[in-house]
Amino acid sequence: MRMIIVAGTPGSGKTAVLMHALKSLNERNLKSSVVKIDCLYTDDDKKFAKIGVPTKVGLSMDMCPDHYAIYNTEDMISWASENESDFLVMETAGLCHRCAPYTMNCLGVCVIDATSGPNTPLKVGPFLSTADVAVITKGDMISQAEREIFRERVLEVNPNCKVIEANGLSGQGCVELAEEMLKSREVALDQEKLRHSAPLAVCTLCVGETKVNKKYHRGILRRIDGFQKYEGE
Amino acid sequence: MIDEITILGGYDKQGNKEPVEKVIIKKGEIFGVVGPTGSGKSSLIGDIEQLAQEDTFSKRKILVDNKEPSYEDRTNPRKKMVAQLSQNMNFLADMSVGDFLNLHAKCRGASNKCVNAVVKLANTLTGEPIKKKHELTILSGGQSRALMVADVAIISNSPIVLIDEIENAGIRKHDAIKALAGHGKIVMVVTHDPVLALMADKRIIMKNGGMQNVVHTSEKEKQVSKKLNKIDELMLNLRDRVRNGEILEEIGHIEI
């Protein structure tokens, strides 16, 4: 079984692009299982159900959705194996895009919206820089010049990725994504490691502190001037 | 240089085979694409822009000089054979005109010298002058469109030029088409405007997502086209006068 991890900014068209790609795999008699990770709400499972793909939903609630997805990867792999799927597709909402949820052997797919401006690729970090495939969506909404600049910026951040310009409405480019999925490696749970470590986030806020005043905060704290300290036991 | 492109028909919105199975467009030809809104004109242009290989909704296939284009040809902007001017009138990029054009010239492997030429050409197409230091996002619709036309004509100097509805632009459309068509290019113009449709050598009639027919512009139509041009010039002239605050007493003289 192969594992595809799809990350992307909210509303970038992850689900739309995936639906077209999975339909293309369906036509070749290849089975997929989808796990959709979101924070508070999703009805994407109904959309995937329409094309006959078994779907599980995971809502991370007050936990970071990427961390939640990583902790639950093992269970997802066993569920997809029970379904006798050729592909496990994990779609994750992501929050700050400092996490790259991709593992070593998965196909890491980053979906990024071309209307978000040509500086976006420079801002998003490992979720783009460690991806195998960068899918650029909504290119039809901007001029060709802007599209070309956006593409160049994506390649500046990740020179080795394969860039696919896709349209979630028409399905353009999605067959190409399906081709990349076919070329991906077998998942090997024991050897799976994250490509990039998750950002540091161990502080009182992580366990529910809501007060803003500095004196209430413990743990690893970094000031705006870059000074970092550990406070606590 | 490219001598011709071939469009091999696919399927319409209902999944029926398109009535037109094959269209060949030769170097130096201007092709119109006409049809009601929603008839699939922009999709046809989109298929050509991506040099579709049965991988879009319509399942059309585009051949260049009778061959399938390579993957590199389809995606590398430096090798890109198609320049497209879409219906989108506004820039979203948050940068100055000069920086933007420099960046685009770099993407296309073009010299930075062409930046000034782009601004100069754009200013011949629109009334309000564009400066390099202007922010892209504050340009008016007409300025944006003029800049896009000039960018396509000079920086994206590709052998195939696709134009989607230039008439809505508030720019001098004849001059714009002339600048874009250049020498020996393949030009396709999506249009609702009879002035532009009859300027083309042939036109593809779209309906329901499919190519219904290919019509040659007849001699009579060429005569009509000349008359339409006169009406168009009159309209442009009146528009300029109204814009400049003049009070119009009468339409003016026109010979048809």
# chains A, B, ... in the order shown; residues from 1 in each chain; ligands from 1

call {"tool": "interface_residues", "arguments": {"of": "chain A", "to": "chain B", "cutoff": "12 Å", "atoms": "only C-alpha atoms", "output": "PyMOL selection string"}}
result
chain A and resi 20-21+24+114-120+138-156+162-179

call {"tool": "write_last_selection", "arguments": {"atoms": "C-alpha atoms", "output": "short mmCIF file (atom, residue, chain, number, x, y, z; two decimals), in the first residue's frame"}}
result
data_model
loop_
_atom_site.label_atom_id
_atom_site.label_comp_id
_atom_site.auth_asym_id
_atom_site.auth_seq_id
_atom_site.Cartn_x
_atom_site.Cartn_y
_atom_site.Cartn_z
CA HIS A 20 -10.54 14.23 -9.50
CA ALA A 21 -7.30 12.33 -8.91
CA SER A 24 -8.87 8.72 -12.21
CA ALA A 114 -2.05 30.89 -6.63
CA THR A 115 -4.34 33.77 -5.65
CA SER A 116 -2.64 33.95 -2.23
CA GLY A 117 0.07 36.15 -3.76
CA PRO A 118 3.58 35.54 -5.10
CA ASN A 119 5.21 35.83 -1.67
CA THR A 120 3.20 32.96 -0.17
CA LYS A 138 -6.76 28.69 -8.95
CA GLY A 139 -4.22 29.73 -11.59
CA ASP A 140 -7.16 30.59 -13.84
CA MET A 141 -8.01 33.49 -11.53
CA ILE A 142 -4.78 35.41 -12.18
CA SER A 143 -2.82 36.62 -15.18
CA GLN A 144 -0.32 34.38 -16.91
CA ALA A 145 2.55 36.58 -15.76
CA GLU A 146 1.54 36.18 -12.12
CA ARG A 147 1.10 32.45 -12.61
CA GLU A 148 4.62 32.13 -13.98
CA ILE A 149 6.08 34.16 -11.13
CA PHE A 150 4.22 32.05 -8.58
CA ARG A 151 5.57 28.86 -10.14
CA GLU A 152 9.12 30.22 -10.11
CA ARG A 153 8.76 31.12 -6.42
CA VAL A 154 7.55 27.61 -5.60
CA LEU A 155 10.63 26.21 -7.33
CA GLU A 156 12.87 28.65 -5.46
CA LYS A 162 7.20 18.42 -9.30
CA VAL A 163 4.90 21.37 -9.97
CA ILE A 164 1.39 20.59 -11.19
CA GLU A 165 -0.93 23.42 -12.16
CA ALA A 166 -4.38 22.11 -11.39
CA ASN A 167 -7.96 23.29 -11.53
CA GLY A 168 -10.24 21.79 -8.90
CA LEU A 169 -13.36 22.71 -10.87
CA SER A 170 -12.44 21.34 -14.28
CA GLY A 171 -10.07 18.63 -13.06
CA GLN A 172 -7.23 19.91 -15.20
CA GLY A 173 -3.89 18.63 -13.93
CA CYS A 174 -5.46 16.03 -11.61
CA VAL A 175 -4.67 13.09 -13.89
CA GLU A 176 -1.04 14.15 -13.59
CA LEU A 177 -1.37 14.00 -9.81
CA ALA A 178 -2.80 10.49 -10.09
CA GLU A 179 0.25 9.53 -12.19
#

call {"tool": "residues_around", "arguments": {"residues": "B:Met206", "least_positions_apart": "2", "cutoff": "10 Å", "atoms": "only C-alpha atoms", "output": "ChimeraX atom specification"}}
result
/B:12,18,20,33-41,44,203-204,208-214

call {"tool": "write_last_selection", "arguments": {"atoms": "N, CA and C atoms", "output": "short mmCIF file (atom, residue, chain, number, x, y, z; two decimals), in the first residue's frame"}}
result
data_model
loop_
_atom_site.label_atom_id
_atom_site.label_comp_id
_atom_site.auth_asym_id
_atom_site.auth_seq_id
_atom_site.Cartn_x
_atom_site.Cartn_y
_atom_site.Cartn_z
N ASP B 12 -18.44 17.26 -25.77
CA ASP B 12 -19.11 18.45 -25.25
C ASP B 12 -19.57 18.23 -23.80
N GLU B 18 -17.71 15.93 -30.22
CA GLU B 18 -17.83 17.25 -30.85
C GLU B 18 -18.03 17.10 -32.35
N VAL B 20 -17.03 19.06 -34.71
CA VAL B 20 -15.78 19.34 -35.42
C VAL B 20 -14.69 18.45 -34.85
N VAL B 33 -13.05 32.82 -31.82
CA VAL B 33 -13.85 31.79 -31.14
C VAL B 33 -15.11 32.48 -30.68
N VAL B 34 -16.27 32.07 -31.22
CA VAL B 34 -17.51 32.75 -30.87
C VAL B 34 -18.53 31.75 -30.33
N GLY B 35 -19.55 32.29 -29.67
CA GLY B 35 -20.61 31.45 -29.11
C GLY B 35 -21.18 32.12 -27.89
N PRO B 36 -22.41 31.71 -27.49
CA PRO B 36 -23.04 32.33 -26.33
C PRO B 36 -22.22 32.12 -25.05
N THR B 37 -22.51 32.89 -24.00
CA THR B 37 -21.80 32.67 -22.74
C THR B 37 -22.08 31.26 -22.25
N GLY B 38 -21.07 30.63 -21.71
CA GLY B 38 -21.22 29.27 -21.20
C GLY B 38 -21.12 28.21 -22.29
N SER B 39 -20.77 28.62 -23.51
CA SER B 39 -20.73 27.64 -24.60
C SER B 39 -19.39 26.91 -24.66
N GLY B 40 -18.44 27.32 -23.83
CA GLY B 40 -17.17 26.58 -23.76
C GLY B 40 -16.02 27.26 -24.47
N LYS B 41 -16.16 28.56 -24.75
CA LYS B 41 -15.08 29.28 -25.45
C LYS B 41 -13.81 29.33 -24.60
N LEU B 44 -12.04 26.02 -24.36
CA LEU B 44 -11.28 25.69 -25.57
C LEU B 44 -9.91 26.39 -25.52
N ARG B 203 -13.42 31.47 -37.98
CA ARG B 203 -13.88 31.45 -36.60
C ARG B 203 -14.51 30.10 -36.25
N ILE B 204 -14.27 29.70 -35.01
CA ILE B 204 -14.84 28.45 -34.50
C ILE B 204 -16.13 28.81 -33.77
N ASN B 208 -22.63 24.58 -26.29
CA ASN B 208 -22.77 23.47 -25.36
C ASN B 208 -21.43 22.79 -25.01
N GLY B 209 -20.37 23.56 -25.04
CA GLY B 209 -19.06 22.98 -24.69
C GLY B 209 -18.34 22.32 -25.84
N GLY B 210 -18.98 22.28 -27.03
CA GLY B 210 -18.35 21.61 -28.17
C GLY B 210 -18.13 22.55 -29.34
N MET B 211 -17.15 22.20 -30.22
CA MET B 211 -16.92 22.98 -31.44
C MET B 211 -17.95 22.52 -32.47
N GLN B 212 -18.86 23.45 -32.88
CA GLN B 212 -19.95 23.08 -33.78
C GLN B 212 -19.55 23.20 -35.24
N ASN B 213 -18.76 24.24 -35.53
CA ASN B 213 -18.48 24.51 -36.94
C ASN B 213 -17.27 25.43 -37.05
N VAL B 214 -16.63 25.42 -38.21
CA VAL B 214 -15.56 26.38 -38.48
C VAL B 214 -15.97 27.18 -39.72
#

call {"tool": "select_by_dssp", "arguments": {"residues": "stretch 3-228 of chain A", "states": "strand (DSSP E or B)", "output": "PyMOL selection string"}}
result
chain A and resi 3-8+32-38+55-59+87-92+103+107-113+133-137+162-165+186+194+203+219-222+228

call {"tool": "write_last_selection", "arguments": {"atoms": "N, CA and C atoms", "output": "compact mmCIF listing (two decimals), in the first residue's frame"}}
result
# COMPACT_ATOMS: atom_id res chain seq x y z
N MET A 3 1.13 5.49 0.69
CA MET A 3 0.50 6.52 1.51
C MET A 3 0.73 7.89 0.86
N ILE A 4 -0.35 8.63 0.69
CA ILE A 4 -0.28 9.96 0.10
C ILE A 4 -0.69 10.94 1.19
N ILE A 5 0.15 11.89 1.51
CA ILE A 5 -0.22 12.89 2.52
C ILE A 5 -0.39 14.24 1.82
N VAL A 6 -1.61 14.76 1.94
CA VAL A 6 -1.94 16.00 1.24
C VAL A 6 -2.13 17.11 2.26
N ALA A 7 -1.32 18.14 2.15
CA ALA A 7 -1.43 19.28 3.06
C ALA A 7 -1.72 20.51 2.23
N GLY A 8 -2.30 21.52 2.85
CA GLY A 8 -2.55 22.74 2.09
C GLY A 8 -3.32 23.75 2.90
N SER A 32 -8.78 3.32 -3.12
CA SER A 32 -8.20 4.26 -2.17
C SER A 32 -9.06 4.33 -0.91
N SER A 33 -8.43 4.65 0.21
CA SER A 33 -9.14 5.01 1.43
C SER A 33 -8.66 6.40 1.82
N VAL A 34 -9.61 7.24 2.23
CA VAL A 34 -9.25 8.61 2.57
C VAL A 34 -9.46 8.86 4.06
N VAL A 35 -8.49 9.50 4.70
CA VAL A 35 -8.71 10.01 6.05
C VAL A 35 -8.62 11.52 5.97
N LYS A 36 -9.70 12.17 6.38
CA LYS A 36 -9.74 13.63 6.34
C LYS A 36 -9.55 14.16 7.75
N ILE A 37 -8.47 14.91 7.96
CA ILE A 37 -8.22 15.49 9.28
C ILE A 37 -8.58 16.97 9.22
N ASP A 38 -9.45 17.39 10.10
CA ASP A 38 -9.79 18.80 10.16
C ASP A 38 -9.84 19.22 11.62
N THR A 55 -14.20 6.69 3.58
CA THR A 55 -13.59 7.86 4.21
C THR A 55 -13.78 7.84 5.71
N LYS A 56 -12.74 8.21 6.43
CA LYS A 56 -12.81 8.36 7.87
C LYS A 56 -12.51 9.82 8.17
N VAL A 57 -13.22 10.38 9.15
CA VAL A 57 -12.97 11.76 9.53
C VAL A 57 -12.30 11.81 10.89
N GLY A 58 -11.29 12.63 11.03
CA GLY A 58 -10.69 12.88 12.34
C GLY A 58 -10.75 14.36 12.64
N LEU A 59 -11.40 14.72 13.74
CA LEU A 59 -11.43 16.14 14.12
C LEU A 59 -10.47 16.33 15.29
N PHE A 87 -4.19 2.63 -1.97
CA PHE A 87 -3.69 3.94 -1.51
C PHE A 87 -4.38 4.35 -0.22
N LEU A 88 -3.58 4.82 0.74
CA LEU A 88 -4.13 5.53 1.88
C LEU A 88 -3.86 7.01 1.62
N VAL A 89 -4.93 7.79 1.55
CA VAL A 89 -4.76 9.22 1.30
C VAL A 89 -5.14 9.97 2.56
N MET A 90 -4.17 10.70 3.12
CA MET A 90 -4.46 11.48 4.31
C MET A 90 -4.49 12.95 3.92
N GLU A 91 -5.64 13.57 4.18
CA GLU A 91 -5.75 14.99 3.87
C GLU A 91 -5.78 15.74 5.18
N THR A 92 -4.83 16.65 5.37
CA THR A 92 -4.76 17.33 6.66
C THR A 92 -4.96 18.84 6.51
N THR A 103 5.89 11.90 5.74
CA THR A 103 6.88 10.93 6.22
C THR A 103 7.80 10.56 5.05
N LEU A 107 4.03 9.91 -0.40
CA LEU A 107 4.11 10.96 -1.43
C LEU A 107 3.57 12.22 -0.76
N GLY A 108 4.42 13.21 -0.58
CA GLY A 108 4.00 14.45 0.07
C GLY A 108 3.47 15.43 -0.96
N VAL A 109 2.19 15.78 -0.82
CA VAL A 109 1.57 16.67 -1.79
C VAL A 109 1.16 17.96 -1.10
N CYS A 110 1.67 19.06 -1.57
CA CYS A 110 1.33 20.36 -1.00
C CYS A 110 0.42 21.08 -1.98
N VAL A 111 -0.78 21.45 -1.53
CA VAL A 111 -1.71 22.16 -2.41
C VAL A 111 -1.68 23.64 -2.03
N ILE A 112 -1.39 24.48 -2.99
CA ILE A 112 -1.19 25.90 -2.67
C ILE A 112 -1.92 26.76 -3.69
N ASP A 113 -2.58 27.79 -3.19
CA ASP A 113 -3.52 28.60 -3.95
C ASP A 113 -2.78 29.79 -4.59
N VAL A 133 5.39 16.89 -4.42
CA VAL A 133 4.59 17.48 -5.48
C VAL A 133 3.97 18.77 -4.95
N ALA A 134 4.07 19.85 -5.70
CA ALA A 134 3.36 21.08 -5.34
C ALA A 134 2.25 21.28 -6.36
N VAL A 135 1.02 21.24 -5.87
CA VAL A 135 -0.12 21.44 -6.75
C VAL A 135 -0.56 22.90 -6.62
N ILE A 136 -0.47 23.66 -7.70
CA ILE A 136 -0.88 25.07 -7.67
C ILE A 136 -2.29 25.17 -8.21
N THR A 137 -3.20 25.68 -7.38
CA THR A 137 -4.60 25.78 -7.79
C THR A 137 -5.00 27.22 -8.08
N LYS A 162 7.88 18.39 -8.01
CA LYS A 162 7.20 18.42 -9.30
C LYS A 162 6.04 19.40 -9.16
N VAL A 163 5.97 20.37 -10.04
CA VAL A 163 4.90 21.37 -9.97
C VAL A 163 3.77 20.94 -10.90
N ILE A 164 2.56 20.90 -10.35
CA ILE A 164 1.39 20.59 -11.19
C ILE A 164 0.43 21.77 -11.07
N GLU A 165 0.07 22.36 -12.20
CA GLU A 165 -0.93 23.42 -12.16
C GLU A 165 -2.28 22.77 -12.38
N GLU A 186 6.05 2.24 -1.46
CA GLU A 186 5.25 1.50 -0.48
C GLU A 186 5.50 2.10 0.92
N LEU A 194 9.29 11.38 10.20
CA LEU A 194 8.91 12.66 9.61
C LEU A 194 10.09 13.24 8.85
N CYS A 203 4.63 24.85 26.08
CA CYS A 203 4.47 25.95 27.00
C CYS A 203 3.12 25.85 27.68
N GLY A 219 7.53 27.22 30.60
CA GLY A 219 7.91 26.31 29.52
C GLY A 219 8.97 26.96 28.64
N ILE A 220 9.00 26.58 27.38
CA ILE A 220 9.99 27.16 26.46
C ILE A 220 9.38 28.42 25.89
N LEU A 221 10.00 29.55 26.22
CA LEU A 221 9.42 30.85 25.86
C LEU A 221 10.41 31.62 25.00
N ARG A 222 9.96 32.10 23.87
CA ARG A 222 10.85 32.90 23.02
C ARG A 222 10.31 34.31 22.89
N GLN A 228 15.57 33.34 24.11
CA GLN A 228 14.75 32.18 24.45
C GLN A 228 15.15 31.64 25.81

call {"tool": "select_by_dssp", "arguments": {"residues": "stretch 28-247 of chain B", "states": "alpha helix (DSSP H)", "output": "ChimeraX atom specification"}}
result
/B:41-49,71-75,97-107,114-125,141-154,173-181,194-199,219-243

call {"tool": "atom_distance", "arguments": {"atom1": "atom CA of A:Asp44", "atom2": "atom CA of A:Lys31"}}
result
18.1 Å

call {"tool": "residues_around", "arguments": {"residues": "A:Asn158", "least_positions_apart": "6", "cutoff": "8 Å", "atoms": "only C-alpha atoms", "output": "list in words"}}
result
Leu128, Ser129, Thr130 and Ala131 of chain A

call {"tool": "write_last_selection", "arguments": {"atoms": "N, CA and C atoms", "output": "mmCIF file, in the first residue's frame"}}
result
data_model
loop_
_atom_site.group_PDB
_atom_site.id
_atom_site.type_symbol
_atom_site.label_atom_id
_atom_site.label_comp_id
_atom_site.auth_asym_id
_atom_site.auth_seq_id
_atom_site.Cartn_x
_atom_site.Cartn_y
_atom_site.Cartn_z
ATOM 1 N N LEU A 128 5.821 23.163 2.198
ATOM 2 C CA LEU A 128 6.110 23.240 0.769
ATOM 3 C C LEU A 128 7.524 22.728 0.462
ATOM 4 N N SER A 129 8.508 23.126 1.288
ATOM 5 C CA SER A 129 9.900 22.827 0.925
ATOM 6 C C SER A 129 10.236 21.345 1.003
ATOM 7 N N THR A 130 9.463 20.547 1.773
ATOM 8 C CA THR A 130 9.763 19.112 1.846
ATOM 9 C C THR A 130 8.767 18.256 1.067
ATOM 10 N N ALA A 131 7.882 18.897 0.291
ATOM 11 C CA ALA A 131 6.881 18.146 -0.486
ATOM 12 C C ALA A 131 7.510 17.539 -1.741
#

call {"tool": "residues_around", "arguments": {"residues": "stretch 121-135 of chain B", "least_positions_apart": "5", "cutoff": "12 Å", "atoms": "only C-alpha atoms", "output": "ChimeraX atom specification"}}
result
/B:90-102,114-116,140-155,169-180,236,239-240,243-244

call {"tool": "atom_distance", "arguments": {"atom1": "atom CA of B:Lys226", "atom2": "atom CA of B:Ile254"}}
result
12.6 Å

call {"tool": "closest_residue", "arguments": {"among": "A:Tyr216, A:Phe48, A:Trp79, A:Phe127", "to": "A:Met19", "atoms": "only C-alpha atoms"}}
result
A:Phe48

call {"tool": "closest_residue", "arguments": {"among": "A:Leu189, A:Leu182, A:Met63, A:Ala93", "to": "A:Gly13", "atoms": "only C-alpha atoms"}}
result
A:Ala93

call {"tool": "residues_around", "arguments": {"residues": "A:Arg195", "least_positions_apart": "2", "cutoff": "8 Å", "atoms": "only C-alpha atoms", "output": "JSON, numbers by chain"}}
result
{"A": [100, 101, 102, 103, 104, 130, 193, 197]}

call {"tool": "write_last_selection", "arguments": {"atoms": "C-alpha atoms", "output": "PDB file, in the first residue's frame"}}
result
ATOM      1  CA  ALA A 100       5.401  19.143   7.462  1.00  0.00           C
ATOM      2  CA  PRO A 101       3.257  16.098   8.082  1.00  0.00           C
ATOM      3  CA  TYR A 102       5.032  14.129   5.329  1.00  0.00           C
ATOM      4  CA  THR A 103       6.880  10.934   6.217  1.00  0.00           C
ATOM      5  CA  MET A 104       9.906   9.528   4.411  1.00  0.00           C
ATOM      6  CA  THR A 130       9.763  19.112   1.846  1.00  0.00           C
ATOM      7  CA  LYS A 193       9.962   9.070  10.033  1.00  0.00           C
ATOM      8  CA  SER A 197      10.656  18.051  12.900  1.00  0.00           C
TER       9      SER A 197
END

call {"tool": "residues_around", "arguments": {"residues": "B:Lys185", "least_positions_apart": "4", "cutoff": "7 Å", "atoms": "only C-alpha atoms", "output": "PDB file with N, CA and C atoms, in the first residue's frame"}}
result
ATOM      1  N   LYS B  27       0.413  29.286 -39.001  1.00  0.00           N
ATOM      2  CA  LYS B  27       1.191  30.485 -38.694  1.00  0.00           C
ATOM      3  C   LYS B  27       0.646  31.709 -39.434  1.00  0.00           C
ATOM      4  N   GLY B  28       0.493  32.829 -38.734  1.00  0.00           N
ATOM      5  CA  GLY B  28       0.025  34.044 -39.386  1.00  0.00           C
ATOM      6  C   GLY B  28      -1.490  34.171 -39.430  1.00  0.00           C
ATOM      7  N   PRO B 159       4.980  32.011 -29.710  1.00  0.00           N
ATOM      8  CA  PRO B 159       4.435  31.924 -31.071  1.00  0.00           C
ATOM      9  C   PRO B 159       2.911  31.772 -31.132  1.00  0.00           C
ATOM     10  N   ILE B 160       2.305  31.336 -30.028  1.00  0.00           N
ATOM     11  CA  ILE B 160       0.846  31.219 -30.001  1.00  0.00           C
ATOM     12  C   ILE B 160       0.302  32.228 -28.989  1.00  0.00           C
ATOM     13  N   ALA B 181      -0.521  40.365 -32.216  1.00  0.00           N
ATOM     14  CA  ALA B 181      -0.422  39.460 -33.357  1.00  0.00           C
ATOM     15  C   ALA B 181       1.007  39.400 -33.886  1.00  0.00           C
TER      16      ALA B 181
END

call {"tool": "atom_distance", "arguments": {"atom1": "atom CA of B:Val119", "atom2": "atom CA of B:Met81"}}
result
22.9 Å

call {"tool": "decode", "arguments": {"residues": "stretch 114-140 of chain B", "atoms": "N, CA and C atoms", "output": "PDB file, in the first residue's frame"}}
result
ATOM      1  N   CYS B 114      13.635  44.856 -21.387  1.00  0.00           N
ATOM      2  CA  CYS B 114      12.298  44.908 -21.969  1.00  0.00           C
ATOM      3  C   CYS B 114      11.272  45.522 -21.023  1.00  0.00           C
ATOM      4  N   VAL B 115      11.646  45.704 -19.735  1.00  0.00           N
ATOM      5  CA  VAL B 115      10.697  46.275 -18.782  1.00  0.00           C
ATOM      6  C   VAL B 115      10.221  47.660 -19.232  1.00  0.00           C
ATOM      7  N   ASN B 116      11.169  48.502 -19.616  1.00  0.00           N
ATOM      8  CA  ASN B 116      10.787  49.844 -20.073  1.00  0.00           C
ATOM      9  C   ASN B 116       9.932  49.791 -21.328  1.00  0.00           C
ATOM     10  N   ALA B 117      10.260  48.849 -22.216  1.00  0.00           N
ATOM     11  CA  ALA B 117       9.493  48.704 -23.451  1.00  0.00           C
ATOM     12  C   ALA B 117       8.050  48.308 -23.156  1.00  0.00           C
ATOM     13  N   VAL B 118       7.856  47.450 -22.151  1.00  0.00           N
ATOM     14  CA  VAL B 118       6.503  47.016 -21.784  1.00  0.00           C
ATOM     15  C   VAL B 118       5.684  48.214 -21.309  1.00  0.00           C
ATOM     16  N   VAL B 119       6.287  49.005 -20.411  1.00  0.00           N
ATOM     17  CA  VAL B 119       5.569  50.159 -19.866  1.00  0.00           C
ATOM     18  C   VAL B 119       5.235  51.143 -20.997  1.00  0.00           C
ATOM     19  N   LYS B 120       6.190  51.318 -21.900  1.00  0.00           N
ATOM     20  CA  LYS B 120       5.984  52.251 -23.006  1.00  0.00           C
ATOM     21  C   LYS B 120       4.826  51.791 -23.897  1.00  0.00           C
ATOM     22  N   LEU B 121       4.847  50.508 -24.250  1.00  0.00           N
ATOM     23  CA  LEU B 121       3.774  49.974 -25.107  1.00  0.00           C
ATOM     24  C   LEU B 121       2.421  50.071 -24.393  1.00  0.00           C
ATOM     25  N   ALA B 122       2.402  49.711 -23.116  1.00  0.00           N
ATOM     26  CA  ALA B 122       1.154  49.750 -22.348  1.00  0.00           C
ATOM     27  C   ALA B 122       0.567  51.160 -22.385  1.00  0.00           C
ATOM     28  N   ASN B 123       1.438  52.157 -22.287  1.00  0.00           N
ATOM     29  CA  ASN B 123       0.963  53.537 -22.262  1.00  0.00           C
ATOM     30  C   ASN B 123       0.407  54.011 -23.601  1.00  0.00           C
ATOM     31  N   THR B 124       0.724  53.279 -24.690  1.00  0.00           N
ATOM     32  CA  THR B 124       0.100  53.653 -25.962  1.00  0.00           C
ATOM     33  C   THR B 124      -1.311  53.069 -26.065  1.00  0.00           C
ATOM     34  N   LEU B 125      -1.634  52.122 -25.194  1.00  0.00           N
ATOM     35  CA  LEU B 125      -2.934  51.440 -25.287  1.00  0.00           C
ATOM     36  C   LEU B 125      -3.972  51.994 -24.329  1.00  0.00           C
ATOM     37  N   THR B 126      -3.530  52.763 -23.370  1.00  0.00           N
ATOM     38  CA  THR B 126      -4.475  53.235 -22.367  1.00  0.00           C
ATOM     39  C   THR B 126      -4.324  54.743 -22.149  1.00  0.00           C
ATOM     40  N   GLY B 127      -5.373  55.353 -21.673  1.00  0.00           N
ATOM     41  CA  GLY B 127      -5.380  56.797 -21.497  1.00  0.00           C
ATOM     42  C   GLY B 127      -4.542  57.295 -20.334  1.00  0.00           C
ATOM     43  N   GLU B 128      -4.614  56.583 -19.212  1.00  0.00           N
ATOM     44  CA  GLU B 128      -3.935  57.079 -18.005  1.00  0.00           C
ATOM     45  C   GLU B 128      -2.542  56.463 -17.927  1.00  0.00           C
ATOM     46  N   PRO B 129      -1.509  57.287 -17.837  1.00  0.00           N
ATOM     47  CA  PRO B 129      -0.146  56.756 -17.874  1.00  0.00           C
ATOM     48  C   PRO B 129       0.183  55.825 -16.693  1.00  0.00           C
ATOM     49  N   ILE B 130       0.926  54.765 -17.010  1.00  0.00           N
ATOM     50  CA  ILE B 130       1.383  53.827 -15.982  1.00  0.00           C
ATOM     51  C   ILE B 130       2.849  54.132 -15.718  1.00  0.00           C
ATOM     52  N   LYS B 131       3.240  54.158 -14.434  1.00  0.00           N
ATOM     53  CA  LYS B 131       4.650  54.366 -14.098  1.00  0.00           C
ATOM     54  C   LYS B 131       5.187  53.124 -13.404  1.00  0.00           C
ATOM     55  N   LYS B 132       6.520  52.914 -13.529  1.00  0.00           N
ATOM     56  CA  LYS B 132       7.139  51.712 -12.954  1.00  0.00           C
ATOM     57  C   LYS B 132       6.971  51.649 -11.448  1.00  0.00           C
ATOM     58  N   LYS B 133       6.903  52.810 -10.799  1.00  0.00           N
ATOM     59  CA  LYS B 133       6.830  52.810  -9.335  1.00  0.00           C
ATOM     60  C   LYS B 133       5.402  52.579  -8.816  1.00  0.00           C
ATOM     61  N   HIS B 134       4.410  52.596  -9.717  1.00  0.00           N
ATOM     62  CA  HIS B 134       3.027  52.338  -9.292  1.00  0.00           C
ATOM     63  C   HIS B 134       2.884  50.934  -8.698  1.00  0.00           C
ATOM     64  N   GLU B 135       2.021  50.828  -7.680  1.00  0.00           N
ATOM     65  CA  GLU B 135       1.692  49.500  -7.163  1.00  0.00           C
ATOM     66  C   GLU B 135       0.736  48.826  -8.138  1.00  0.00           C
ATOM     67  N   LEU B 136       0.954  47.542  -8.411  1.00  0.00           N
ATOM     68  CA  LEU B 136       0.097  46.817  -9.359  1.00  0.00           C
ATOM     69  C   LEU B 136      -1.367  46.840  -8.958  1.00  0.00           C
ATOM     70  N   THR B 137      -1.604  46.683  -7.652  1.00  0.00           N
ATOM     71  CA  THR B 137      -2.975  46.521  -7.187  1.00  0.00           C
ATOM     72  C   THR B 137      -3.805  47.802  -7.272  1.00  0.00           C
ATOM     73  N   ILE B 138      -3.149  48.968  -7.472  1.00  0.00           N
ATOM     74  CA  ILE B 138      -3.949  50.182  -7.562  1.00  0.00           C
ATOM     75  C   ILE B 138      -4.246  50.580  -9.011  1.00  0.00           C
ATOM     76  N   LEU B 139      -3.711  49.820  -9.985  1.00  0.00           N
ATOM     77  CA  LEU B 139      -3.973  50.160 -11.384  1.00  0.00           C
ATOM     78  C   LEU B 139      -5.457  50.021 -11.696  1.00  0.00           C
ATOM     79  N   SER B 140      -5.952  50.843 -12.605  1.00  0.00           N
ATOM     80  CA  SER B 140      -7.350  50.734 -13.018  1.00  0.00           C
ATOM     81  C   SER B 140      -7.500  49.523 -13.924  1.00  0.00           C
TER      82      SER B 140
END
